[in-house]
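Student: Please find protein_8.cif (mmCIF, C-alpha atoms) on the next line:
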```cif
data_coords
#
loop_
_atom_site.label_atom_id
_atom_site.label_comp_id
_atom_site.auth_asym_id
_atom_site.auth_seq_id
_atom_site.Cartn_x
_atom_site.Cartn_y
_atom_site.Cartn_z
CA MET A 1 0.00 0.00 0.00
CA LYS A 2 1.35 3.36 -1.07
CA LEU A 3 0.87 6.39 1.16
CA ILE A 4 -1.26 8.09 -1.51
CA THR A 5 -3.79 5.29 -1.03
CA HIS A 6 -3.54 5.58 2.74
CA ASN A 7 -4.28 9.30 2.40
CA MET A 8 -7.57 8.49 0.61
CA LEU A 9 -8.59 5.34 2.48
CA THR A 10 -11.28 5.46 5.17
CA SER A 11 -13.24 2.94 7.21
CA LYS A 12 -16.53 4.82 6.82
CA CYS A 13 -18.16 1.69 5.35
CA LEU A 14 -18.19 0.18 8.84
CA LYS A 15 -21.49 0.28 10.67
CA GLY A 16 -21.60 3.18 13.15
CA VAL A 17 -18.44 4.83 11.85
CA LEU A 18 -18.92 8.38 10.57
CA THR A 19 -15.63 9.50 9.04
CA GLY A 20 -13.23 6.65 9.79
CA TYR A 21 -10.26 8.84 8.88
CA PRO A 22 -7.29 8.81 9.16
CA LEU A 23 -6.50 5.13 9.63
CA ALA A 24 -3.53 4.47 11.88
CA ILE A 25 -0.72 2.45 10.31
CA ASN A 26 1.11 -0.32 12.11
CA ALA A 27 3.74 -1.60 9.75
CA THR A 28 5.97 -4.61 10.21
CA ASP A 29 7.51 -4.46 6.70
CA VAL A 30 8.06 -1.30 4.66
CA LYS A 31 9.65 -1.26 1.21
CA VAL A 32 10.79 1.49 -1.15
CA ASN A 33 10.12 0.73 -4.84
CA GLU A 34 11.37 3.06 -7.49
CA VAL A 35 8.62 4.72 -9.56
CA ASP A 36 9.01 7.14 -12.49
CA PHE A 37 8.88 10.74 -11.30
CA ASN A 38 6.01 12.74 -12.79
CA PRO A 39 6.12 16.34 -11.44
CA ASP A 40 2.80 17.30 -13.13
CA PHE A 41 0.94 14.53 -11.36
CA ILE A 42 2.44 15.30 -7.95
CA ALA A 43 1.67 19.03 -8.31
CA ARG A 44 -1.90 18.20 -9.28
CA ILE A 45 -2.50 15.72 -6.49
CA ILE A 46 -1.13 17.82 -3.60
CA PRO A 47 -4.22 20.08 -3.18
CA LYS A 48 -6.34 16.93 -2.82
CA LEU A 49 -4.25 15.44 -0.03
CA ASP A 50 -4.61 15.86 3.67
CA TRP A 51 -1.02 16.94 4.18
CA GLU A 52 -0.99 16.58 7.94
CA VAL A 53 -2.16 12.98 7.65
CA LEU A 54 0.49 12.28 5.02
CA TRP A 55 3.25 13.78 7.16
CA ARG A 56 2.21 11.79 10.22
CA ALA A 57 1.96 8.57 8.22
CA ALA A 58 5.40 9.15 6.70
CA ASP A 59 6.79 9.99 10.14
CA SER A 60 5.38 6.80 11.68
CA LEU A 61 7.13 4.79 8.95
CA GLY A 62 10.38 6.72 9.42
CA HIS A 63 10.31 8.32 5.98
CA SER A 64 9.48 11.93 6.87
CA GLU A 65 13.07 13.07 6.29
CA GLY A 66 13.11 16.28 4.25
CA LEU A 67 9.31 16.43 4.13
CA PRO A 68 7.99 19.80 5.38
CA GLN A 69 5.13 19.75 7.90
CA VAL A 70 3.26 22.43 5.97
CA VAL A 71 2.99 22.82 2.18
CA GLU A 72 4.51 26.11 1.05
CA SER A 73 2.51 28.34 -1.28
CA ASN A 74 4.49 28.00 -4.54
CA TYR A 75 5.20 24.28 -4.29
CA GLU A 76 4.63 23.67 -8.06
CA ALA A 77 7.97 25.28 -8.89
CA ASN A 78 9.97 23.62 -6.11
CA GLN A 79 11.45 20.52 -7.78
CA GLU A 80 13.21 19.41 -4.60
CA PHE A 81 9.93 19.43 -2.69
CA LEU A 82 8.03 17.64 -5.47
CA LYS A 83 10.69 14.90 -5.52
CA THR A 84 10.42 14.33 -1.78
CA ALA A 85 6.63 14.29 -2.03
CA HIS A 86 6.86 11.82 -4.94
CA LYS A 87 9.05 9.49 -2.92
CA VAL A 88 6.75 9.54 0.09
CA LEU A 89 3.51 9.27 -1.91
CA LEU A 90 4.40 6.65 -4.52
CA GLU A 91 7.65 4.90 -3.61
CA VAL A 92 7.26 4.07 0.07
CA GLU A 93 5.07 0.97 0.37
CA VAL A 94 3.70 -0.79 3.43
CA GLU A 95 4.06 -4.51 2.65
CA GLU A 96 2.89 -6.12 5.87
CA GLY A 97 1.08 -4.73 8.89
CA TYR A 98 -2.38 -3.46 9.68
CA LEU A 99 -4.56 -0.35 9.61
CA THR A 100 -6.67 0.66 12.60
CA CYS A 101 -9.99 2.48 12.41
CA PRO A 102 -9.79 5.61 14.65
CA GLU A 103 -13.41 5.28 15.80
CA SER A 104 -14.12 1.58 16.23
CA GLY A 105 -10.58 0.24 16.64
CA ARG A 106 -11.27 -2.40 13.97
CA GLN A 107 -8.05 -3.64 12.38
CA PHE A 108 -7.62 -4.16 8.64
CA PRO A 109 -4.68 -6.45 7.81
CA ILE A 110 -2.21 -5.55 5.04
CA THR A 111 -0.73 -8.58 3.34
CA LYS A 112 1.65 -8.49 0.36
CA GLY A 113 0.99 -4.75 0.17
CA ILE A 114 -2.78 -5.13 -0.21
CA PRO A 115 -5.02 -3.78 2.58
CA ASN A 116 -7.97 -6.07 3.21
CA MET A 117 -11.02 -3.83 3.62
CA LEU A 118 -13.57 -6.67 3.41
CA LEU A 119 -16.22 -6.48 6.13
CA THR A 120 -18.19 -9.21 7.83
CA GLU A 121 -21.98 -9.35 7.45
CA ALA A 122 -22.50 -7.79 10.88
CA GLU A 123 -20.24 -4.83 10.10
CA VAL A 124 -22.05 -3.73 6.93
CA GLN A 125 -24.38 -0.76 7.35
CA MET B 126 -26.40 -24.27 -17.03
CA SER B 127 -25.97 -20.62 -17.82
CA LYS B 128 -22.58 -19.53 -19.16
CA ARG B 129 -22.62 -16.26 -17.24
CA PRO B 130 -19.89 -16.30 -14.59
CA GLU B 131 -22.04 -14.39 -12.12
CA HIS B 132 -24.53 -17.31 -12.12
CA GLN B 133 -21.89 -19.86 -11.23
CA ALA B 134 -20.33 -18.67 -7.97
CA PRO B 135 -19.70 -15.52 -5.92
CA PRO B 136 -16.88 -13.40 -7.42
CA GLU B 137 -14.39 -14.09 -4.62
CA LEU B 138 -14.74 -17.83 -5.33
CA PHE B 139 -15.26 -17.76 -9.11
CA TYR B 140 -12.04 -15.82 -9.71
CA ASN B 141 -9.77 -18.44 -8.18
CA GLU B 142 -6.15 -19.14 -9.19
CA ASP B 143 -7.18 -21.02 -12.37
CA GLU B 144 -9.57 -18.35 -13.54
CA ALA B 145 -7.09 -15.60 -12.63
CA ARG B 146 -4.38 -17.35 -14.64
CA LYS B 147 -6.50 -16.91 -17.79
CA TYR B 148 -6.19 -13.18 -17.41
CA THR B 149 -2.44 -13.29 -17.93
CA GLN B 150 -2.24 -16.02 -20.55
CA ASN B 151 -5.27 -15.68 -22.80
CA SER B 152 -4.34 -13.05 -25.37
CA ARG B 153 -7.96 -12.72 -26.53
CA ILE B 154 -9.17 -11.77 -23.04
CA ILE B 155 -6.26 -9.34 -22.69
CA ASP B 156 -7.08 -7.74 -26.06
CA ILE B 157 -10.77 -7.32 -25.35
CA GLN B 158 -10.14 -5.91 -21.87
CA ALA B 159 -7.66 -3.41 -23.29
CA GLN B 160 -10.08 -2.33 -26.04
CA MET B 161 -12.90 -1.81 -23.57
CA THR B 162 -10.66 0.13 -21.20
CA GLU B 163 -9.59 2.41 -24.04
CA ARG B 164 -13.22 3.09 -24.82
CA CYS B 165 -13.88 3.78 -21.12
CA ILE B 166 -11.05 6.34 -21.06
CA GLU B 167 -12.50 7.94 -24.19
CA LEU B 168 -15.88 8.22 -22.47
CA LEU B 169 -14.30 9.69 -19.32
CA VAL B 170 -13.34 12.81 -21.33
CA LEU B 171 -10.40 13.69 -19.06
CA PRO B 172 -8.53 16.94 -19.77
CA ASP B 173 -5.77 16.36 -22.34
CA ASP B 174 -2.22 15.62 -21.22
CA THR B 175 -2.91 15.97 -17.51
CA PRO B 176 -2.10 12.92 -15.42
CA SER B 177 -5.11 12.05 -13.23
CA LEU B 178 -5.80 9.82 -10.28
CA LEU B 179 -8.38 7.22 -11.29
CA LEU B 180 -10.28 4.53 -9.42
CA ASP B 181 -10.50 1.12 -11.10
CA ILE B 182 -13.47 -0.80 -9.72
CA GLY B 183 -13.07 -4.53 -10.14
CA CYS B 184 -9.49 -4.07 -11.32
CA GLY B 185 -8.82 -7.82 -11.20
CA SER B 186 -5.38 -8.66 -12.52
CA GLY B 187 -4.73 -5.05 -13.49
CA LEU B 188 -5.22 -5.45 -17.26
CA SER B 189 -7.32 -2.29 -17.39
CA GLY B 190 -4.83 -0.61 -15.06
CA SER B 191 -1.99 -1.21 -17.51
CA VAL B 192 -3.97 0.66 -20.16
CA LEU B 193 -4.55 3.53 -17.71
CA GLU B 194 -0.78 3.63 -17.10
CA GLU B 195 -0.16 3.85 -20.85
CA TYR B 196 -2.28 6.98 -20.88
CA GLY B 197 -0.14 8.38 -18.06
CA HIS B 198 -2.66 8.11 -15.24
CA MET B 199 -2.12 6.87 -11.73
CA TRP B 200 -4.74 4.43 -10.48
CA ILE B 201 -5.98 2.72 -7.35
CA GLY B 202 -7.77 -0.58 -7.90
CA LEU B 203 -10.52 -2.30 -5.92
CA ASP B 204 -11.31 -5.99 -6.23
CA ILE B 205 -12.98 -8.67 -4.16
CA SER B 206 -10.87 -11.57 -5.43
CA SER B 207 -7.51 -11.96 -3.74
CA ALA B 208 -6.40 -14.47 -6.40
CA MET B 209 -6.88 -11.85 -9.11
CA LEU B 210 -5.02 -9.25 -7.03
CA ASP B 211 -2.15 -11.73 -6.62
CA VAL B 212 -1.88 -11.90 -10.41
CA ALA B 213 -1.87 -8.09 -10.51
CA LEU B 214 1.06 -8.15 -8.05
CA GLU B 215 2.90 -10.64 -10.28
CA ARG B 216 2.36 -8.41 -13.30
CA GLU B 217 3.97 -5.57 -11.33
CA THR B 218 1.40 -2.96 -12.22
CA GLU B 219 2.11 0.58 -11.07
CA GLY B 220 -1.29 1.12 -9.47
CA ASP B 221 -2.09 0.44 -5.85
CA LEU B 222 -4.47 -2.36 -4.91
CA VAL B 223 -7.15 -2.69 -2.24
CA LEU B 224 -9.14 -5.83 -1.39
CA ALA B 225 -12.74 -4.68 -0.94
CA ASP B 226 -16.33 -5.48 -1.91
CA MET B 227 -17.89 -2.66 -3.95
CA GLY B 228 -21.34 -3.53 -2.60
CA GLU B 229 -20.15 -2.63 0.89
CA GLY B 230 -19.28 0.87 -0.31
CA VAL B 231 -16.23 2.58 -1.79
CA PRO B 232 -13.85 3.12 1.16
CA PHE B 233 -12.32 6.44 0.11
CA LYS B 234 -12.64 9.95 1.45
CA ALA B 235 -14.61 12.66 -0.35
CA GLY B 236 -13.30 14.09 -3.61
CA SER B 237 -10.37 11.70 -3.97
CA PHE B 238 -10.57 10.73 -7.66
CA ASP B 239 -10.66 12.51 -11.02
CA GLY B 240 -12.65 9.65 -12.50
CA ALA B 241 -13.59 6.00 -12.15
CA VAL B 242 -13.54 3.15 -14.64
CA SER B 243 -14.81 -0.37 -14.35
CA VAL B 244 -14.56 -3.14 -16.92
CA SER B 245 -16.97 -6.09 -16.68
CA ALA B 246 -17.60 -5.86 -12.95
CA LEU B 247 -20.88 -4.06 -12.35
CA GLN B 248 -23.09 -7.04 -13.28
CA TRP B 249 -21.83 -8.85 -10.17
CA LEU B 250 -23.77 -6.39 -8.01
CA PHE B 251 -27.08 -7.84 -9.21
CA ASN B 252 -26.29 -11.06 -7.37
CA ALA B 253 -27.32 -11.93 -3.87
CA ASP B 254 -24.56 -14.36 -2.94
CA LYS B 255 -25.17 -14.21 0.78
CA LYS B 256 -28.35 -14.21 2.80
CA SER B 257 -27.64 -10.64 3.88
CA HIS B 258 -27.19 -9.36 0.32
CA GLN B 259 -29.88 -7.11 -1.09
CA PRO B 260 -28.89 -6.07 -4.62
CA VAL B 261 -30.87 -2.79 -4.58
CA LYS B 262 -29.38 -1.74 -1.26
CA ARG B 263 -25.87 -2.73 -2.34
CA LEU B 264 -26.22 -0.82 -5.62
CA TYR B 265 -27.36 2.29 -3.78
CA LYS B 266 -24.58 1.97 -1.22
CA PHE B 267 -22.04 1.56 -3.99
CA PHE B 268 -23.24 4.51 -6.07
CA SER B 269 -23.67 6.90 -3.14
CA THR B 270 -20.19 6.21 -1.73
CA LEU B 271 -18.69 6.38 -5.22
CA TYR B 272 -20.38 9.74 -5.79
CA ALA B 273 -18.79 11.05 -2.61
CA SER B 274 -15.30 9.81 -3.49
CA LEU B 275 -15.27 11.51 -6.92
CA SER B 276 -14.28 15.14 -7.40
CA ARG B 277 -16.86 17.44 -8.97
CA SER B 278 -17.11 17.28 -12.78
CA ALA B 279 -15.53 13.81 -12.65
CA ARG B 280 -17.16 10.94 -14.51
CA ALA B 281 -17.51 7.26 -13.86
CA VAL B 282 -17.68 4.84 -16.80
CA PHE B 283 -18.68 1.21 -16.36
CA GLN B 284 -18.55 -1.41 -19.08
CA PHE B 285 -20.87 -4.22 -18.03
CA TYR B 286 -23.05 -7.07 -19.25
CA PRO B 287 -26.70 -6.56 -18.31
CA GLU B 288 -28.98 -9.59 -18.52
CA ASN B 289 -32.22 -7.75 -19.27
CA GLU B 290 -33.96 -4.41 -19.48
CA SER B 291 -34.99 -4.35 -15.84
CA GLN B 292 -31.35 -4.55 -14.74
CA LEU B 293 -30.59 -1.46 -16.82
CA ASP B 294 -33.55 0.31 -15.23
CA LEU B 295 -32.51 -0.67 -11.72
CA LEU B 296 -28.97 0.48 -12.34
CA THR B 297 -29.87 3.91 -13.70
CA THR B 298 -32.52 4.52 -11.02
CA GLN B 299 -30.09 3.74 -8.20
CA ALA B 300 -27.35 5.87 -9.79
CA MET B 301 -29.74 8.82 -10.17
CA LYS B 302 -30.89 8.39 -6.57
CA ALA B 303 -27.26 8.65 -5.45
CA GLY B 304 -26.94 12.02 -7.20
CA PHE B 305 -25.37 11.04 -10.50
CA TYR B 306 -26.83 11.82 -13.84
CA GLY B 307 -26.09 10.20 -17.15
CA GLY B 308 -27.21 6.99 -18.75
CA VAL B 309 -26.32 3.93 -20.76
CA VAL B 310 -24.38 4.21 -24.03
CA VAL B 311 -24.75 1.14 -26.27
CA ASP B 312 -21.93 0.67 -28.79
CA TYR B 313 -22.77 -1.32 -31.93
CA PRO B 314 -26.40 -1.90 -30.91
CA ASN B 315 -27.10 -3.96 -34.04
CA SER B 316 -24.29 -6.43 -33.62
CA ALA B 317 -24.64 -9.51 -31.43
CA LYS B 318 -20.93 -9.84 -30.64
CA ALA B 319 -19.58 -6.30 -30.74
CA LYS B 320 -22.50 -4.85 -28.76
CA LYS B 321 -21.19 -3.26 -25.57
CA PHE B 322 -22.97 -1.48 -22.75
CA PHE B 323 -21.35 1.48 -21.00
CA LEU B 324 -22.96 3.20 -18.06
CA VAL B 325 -21.70 6.79 -18.14
CA LEU B 326 -22.29 8.69 -14.90
CA MET B 327 -21.54 12.37 -14.39
CA THR B 328 -21.29 14.29 -11.15
CA GLY B 329 -21.72 17.90 -12.24
CA GLY B 330 -21.95 20.33 -15.12
CA ALA B 331 -24.56 19.71 -17.80
CA ALA B 332 -23.11 17.69 -20.65
CA PRO B 333 -24.81 15.56 -23.27
CA LEU B 334 -24.40 11.78 -23.16
CA PRO B 335 -21.61 10.71 -25.54
CA GLN B 336 -22.44 9.23 -28.92
CA ALA B 337 -22.42 5.44 -29.11
CA LEU B 338 -20.16 3.75 -31.63
CA GLY B 339 -21.70 1.91 -34.55
CA THR B 340 -24.82 4.04 -34.66
CA GLU B 341 -23.57 6.46 -37.32
CA GLU B 342 -20.60 6.98 -39.62
CA SER B 343 -17.43 7.98 -37.83
CA ASP B 344 -13.79 7.41 -38.60
CA ASN B 345 -12.61 5.15 -35.83
CA SER B 346 -10.23 2.22 -36.15
CA LEU B 347 -12.19 0.08 -33.70
CA GLN B 348 -15.37 0.75 -35.61
CA ILE B 349 -13.87 -0.18 -38.97
CA LYS B 350 -12.80 -3.51 -37.59
CA TYR B 351 -16.34 -4.38 -36.58
CA ALA B 352 -17.93 -2.80 -39.66
CA ARG B 353 -15.99 -5.08 -41.96
CA ARG B 354 -17.22 -8.10 -40.09
CA GLU B 355 -20.80 -6.90 -40.34
CA ALA B 356 -20.50 -6.42 -44.11
CA SER B 357 -19.23 -9.94 -44.72
CA LYS B 358 -22.00 -11.29 -42.55
CA GLY B 359 -24.60 -9.66 -44.85
CA ALA B 360 -22.98 -11.12 -47.96
CA ARG B 361 -23.35 -14.66 -46.66
CA GLY B 362 -27.11 -14.33 -46.07
CA LYS B 363 -30.01 -15.33 -48.29
CA PRO B 364 -31.62 -12.86 -50.71
CA LEU B 365 -34.88 -11.19 -49.74
CA LYS B 366 -37.86 -13.56 -49.85
CA ASN B 367 -40.29 -13.47 -52.83
CA THR B 368 -37.84 -11.67 -55.08
CA ARG B 369 -36.51 -12.93 -58.42
CA ALA B 370 -33.05 -13.55 -56.93
CA TRP B 371 -34.55 -15.64 -54.16
CA LEU B 372 -36.60 -17.69 -56.66
CA ILE B 373 -33.61 -18.34 -58.91
CA GLU B 374 -31.53 -19.45 -55.93
CA LYS B 375 -34.30 -21.81 -54.91
CA LYS B 376 -34.55 -23.29 -58.39
CA GLU B 377 -30.77 -23.72 -58.52
CA LYS B 378 -30.93 -25.62 -55.25
CA ARG B 379 -33.64 -27.95 -56.64
CA ARG B 380 -31.53 -28.60 -59.75
CA LYS B 381 -28.56 -29.50 -57.54
CA GLN B 382 -30.78 -31.92 -55.66
CA GLY B 383 -31.67 -33.50 -59.01
CA LYS B 384 -35.34 -32.51 -58.87
CA GLU B 385 -37.28 -31.61 -62.01
CA THR B 386 -37.11 -27.82 -62.44
CA LYS B 387 -38.34 -25.51 -65.22
CA PRO B 388 -35.53 -23.50 -66.91
CA ASP B 389 -34.92 -19.86 -65.95
CA THR B 390 -36.46 -17.52 -68.53
CA LYS B 391 -37.37 -13.84 -68.72
CA TYR B 392 -40.77 -14.82 -67.27
CA THR B 393 -39.27 -16.36 -64.12
CA GLY B 394 -40.50 -14.60 -60.99
CA ARG B 395 -42.82 -12.25 -62.85
CA LYS B 396 -46.34 -11.44 -61.60
CA ARG B 397 -49.22 -12.89 -63.65
CA SER B 398 -51.15 -10.26 -65.58
CA GLY B 399 -54.63 -9.45 -64.37
CA ARG B 400 -56.28 -11.08 -67.44
CA PHE B 401 -55.14 -14.56 -66.57
#
```
If you convert what's in this file into structure tokens, what do you get?

Tutor:
Amino acid sequence: MKLITHNMLTSKCLKGVLTGYPLAINATDVKVNEVDFNPDFIARIIPKLDWEVLWRAADSLGHSEGLPQVVESNYEANQEFLKTAHKVLLEVEVEEGYLTCPESGRQFPITKGIPNMLLTEAEVQ
Amino acid sequence: MSKRPEHQAPPELFYNEDEARKYTQNSRIIDIQAQMTERCIELLVLPDDTPSLLLDIGCGSGLSGSVLEEYGHMWIGLDISSAMLDVALERETEGDLVLADMGEGVPFKAGSFDGAVSVSALQWLFNADKKSHQPVKRLYKFFSTLYASLSRSARAVFQFYPENESQLDLLTTQAMKAGFYGGVVVDYPNSAKAKKFFLVLMTGGAAPLPQALGTEESDNSLQIKYARREASKGARGKPLKNTRAWLIEKKEKRRKQGKETKPDTKYTGRKRSGRF
């Protein structure tokens, strides 16, 4: 699971959960895979992200190095910043571990890099 | 027994290792999936040359995702079958994968995606594979959560195989109820094999429904491929009944069978005059 996915993922499908965001990450295996750098995409995606959540997630995985806590105003032109954001968003991958719903405490296992968001019959709204 | 996969087993069981294997080895399946994904992207009408974040619903082994990558988009895929997702991992697709059931809702926060595509997955929602499954409720849940996870002016395009008219009705009603507007585009409506259904849903901004392929002349490579097949199909058929050509063919057939047949003359197939 890439951190871009984590930034979008919620557990709001659970019964009784309103926002279910952000999910806490507990990682036992984290990998860094190289991905082609696309500055246009990163610049376009940044306004959509919850930056605070991204920074905390990156920090909990130990990959927040060089990542500013707040997005500066003219980030589109800052290549250095876009590269760091690219690395954190697309290259850092949680391979094994679990996600925890902030409201219900329900855990979603991550195996082989795929978070399992399947619910049981009783958990569906 | 019906040949439709959704009648045979629930998706998480039907798409087992064997079935998933087909999606990497069968070049025909790969070709068709790629073609349909290309058409989906065309119907999404994304702004030119801007890389977008797309949601692939029922991404399976990531065949459709590979096409999205070719167009320069980043994608996140949802699927209920872990065997299919394993194949996607093997194929080393660039997109990110999530194991989830679309009928339980799309688990993403509001305004995440610039668009959504889905190739041959939506028909699974009509099934009630568990006692607790209610197709109408699941459809509504799916569409309403999908609506929330799309950014405004984004579109969602689904290629799917409806069984009958009432399924189409149910689908559009539930989508409208969730806030979408749009409808079904049928490509090549007159062809049995090339006919494809696309549900095109829009979230905002009035725009007309796109034109279906194969309903009027347009210069498209995909279309030409199918058009040629249609033409040859017509040539093989019988001539129109009760015409001279039909009569002559019939007589020829009798002659071949060795039956007594009057020769063809200028009078063959003519109407009798009123005097007779």

Student: Pick from B:Asp221, B:Glu374, B:Asp312, B:Asp294: nearest to chain A, with all atoms listed in the file counted?

Tutor: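 Counting all atoms listed in the file, the residue closest to chain A is B:Asp221.
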
Student: For A:Ala43, which residue out of B:Ala235, B:Pro176, B:Pro130, B:Arg216 is the nearest one, using only C-alpha atoms?

Tutor: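 Under the stated criterion, the closest residue is B:Pro176.
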
Student: Rounded to one decimal, what separation in Å do you get between atom CA of B:Thr328 and atom CA of B:Glu167?

Tutor: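 Going from atom CA of B:Thr328 over to atom CA of B:Glu167 covers 17.0 Å.
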
Student: What are the closest atom pairs, with distances in Å to one decimal, for all residues of chain A lying within 6 Å of chain B? Consider all atoms listed in the file, order rows by chain and residue number, and present the result as a Markdown table.

Tutor:
```
| residue | atom | partner | partner_atom | distance |
| --- | --- | --- | --- | --- |
| A:Met8 | CA | B:Phe233 | CA | 5.2 |
| A:Leu9 | CA | B:Phe233 | CA | 4.6 |
| A:Thr10 | CA | B:Phe233 | CA | 5.3 |
| A:Cys13 | CA | B:Gly230 | CA | 5.8 |
| A:Phe41 | CA | B:Pro176 | CA | 5.3 |
| A:Ile114 | CA | B:Val223 | CA | 5.4 |
| A:Pro115 | CA | B:Val223 | CA | 5.4 |
| A:Asn116 | CA | B:Leu224 | CA | 4.8 |
| A:Met117 | CA | B:Ala225 | CA | 4.9 |
| A:Leu118 | CA | B:Ala225 | CA | 4.9 |
```

Student: Got a sec to resolve the PyMOL selection byres ((chain B and resi 146-150) around 9) on this structure and send the residues as a PyMOL selection string?

Tutor: chain B and resi 141-145+151-155+185-186+188+208-209+212+216

Student: Output the residue selection produced by the PyMOL selection byres ((chain A and resi 46) around 10) on the file above, formatted as an NGL selection string.

Tutor: :A and (4 or 41-45 or 47-51 or 71 or 75-76 or 82 or 85 or 89)

Student: Restricting it to C-alpha atoms, dump the selection as a CSV table (one decimal), keeping the file's coordinate frame.

Tutor:
```csv
chain,number,residue,atom,x,y,z
A,4,ILE,CA,-1.3,8.1,-1.5
A,41,PHE,CA,0.9,14.5,-11.4
A,42,ILE,CA,2.4,15.3,-8.0
A,43,ALA,CA,1.7,19.0,-8.3
A,44,ARG,CA,-1.9,18.2,-9.3
A,45,ILE,CA,-2.5,15.7,-6.5
A,47,PRO,CA,-4.2,20.1,-3.2
A,48,LYS,CA,-6.3,16.9,-2.8
A,49,LEU,CA,-4.2,15.4,0.0
A,50,ASP,CA,-4.6,15.9,3.7
A,51,TRP,CA,-1.0,16.9,4.2
A,71,VAL,CA,3.0,22.8,2.2
A,75,TYR,CA,5.2,24.3,-4.3
A,76,GLU,CA,4.6,23.7,-8.1
A,82,LEU,CA,8.0,17.6,-5.5
A,85,ALA,CA,6.6,14.3,-2.0
A,89,LEU,CA,3.5,9.3,-1.9
```

Student: Using the chain letters and numbers from the file, which residues does the PyMOL selection byres ((chain A and resi 2) around 7) grab, as a VMD selection string?

Tutor: (chain A and resid 1 3 to 6 89 to 94) or (chain B and resid 221)

Student: Distance atom CA of B:Glu137-atom CA of B:Ser206, one decimal place?

Tutor: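 So the two atoms, atom CA of B:Glu137 and atom CA of B:Ser206, lie 4.4 Å apart.
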
Student: What is the distance between atom CA of B:Ala213 and atom CA of B:Gly187, in Å to one decimal?

Tutor: 5.1 Å

Student: Once 6 Å is added on each side, what centre and edge lengths in Å to one decimal does the axis-aligned box around all listed atoms of stretch 118-125 of chain A have, as JSON?

Tutor:
```
{"center_x": -19.0, "center_y": -5.1, "center_z": 7.1, "size_x": 22.8, "size_y": 20.6, "size_z": 19.5}
```
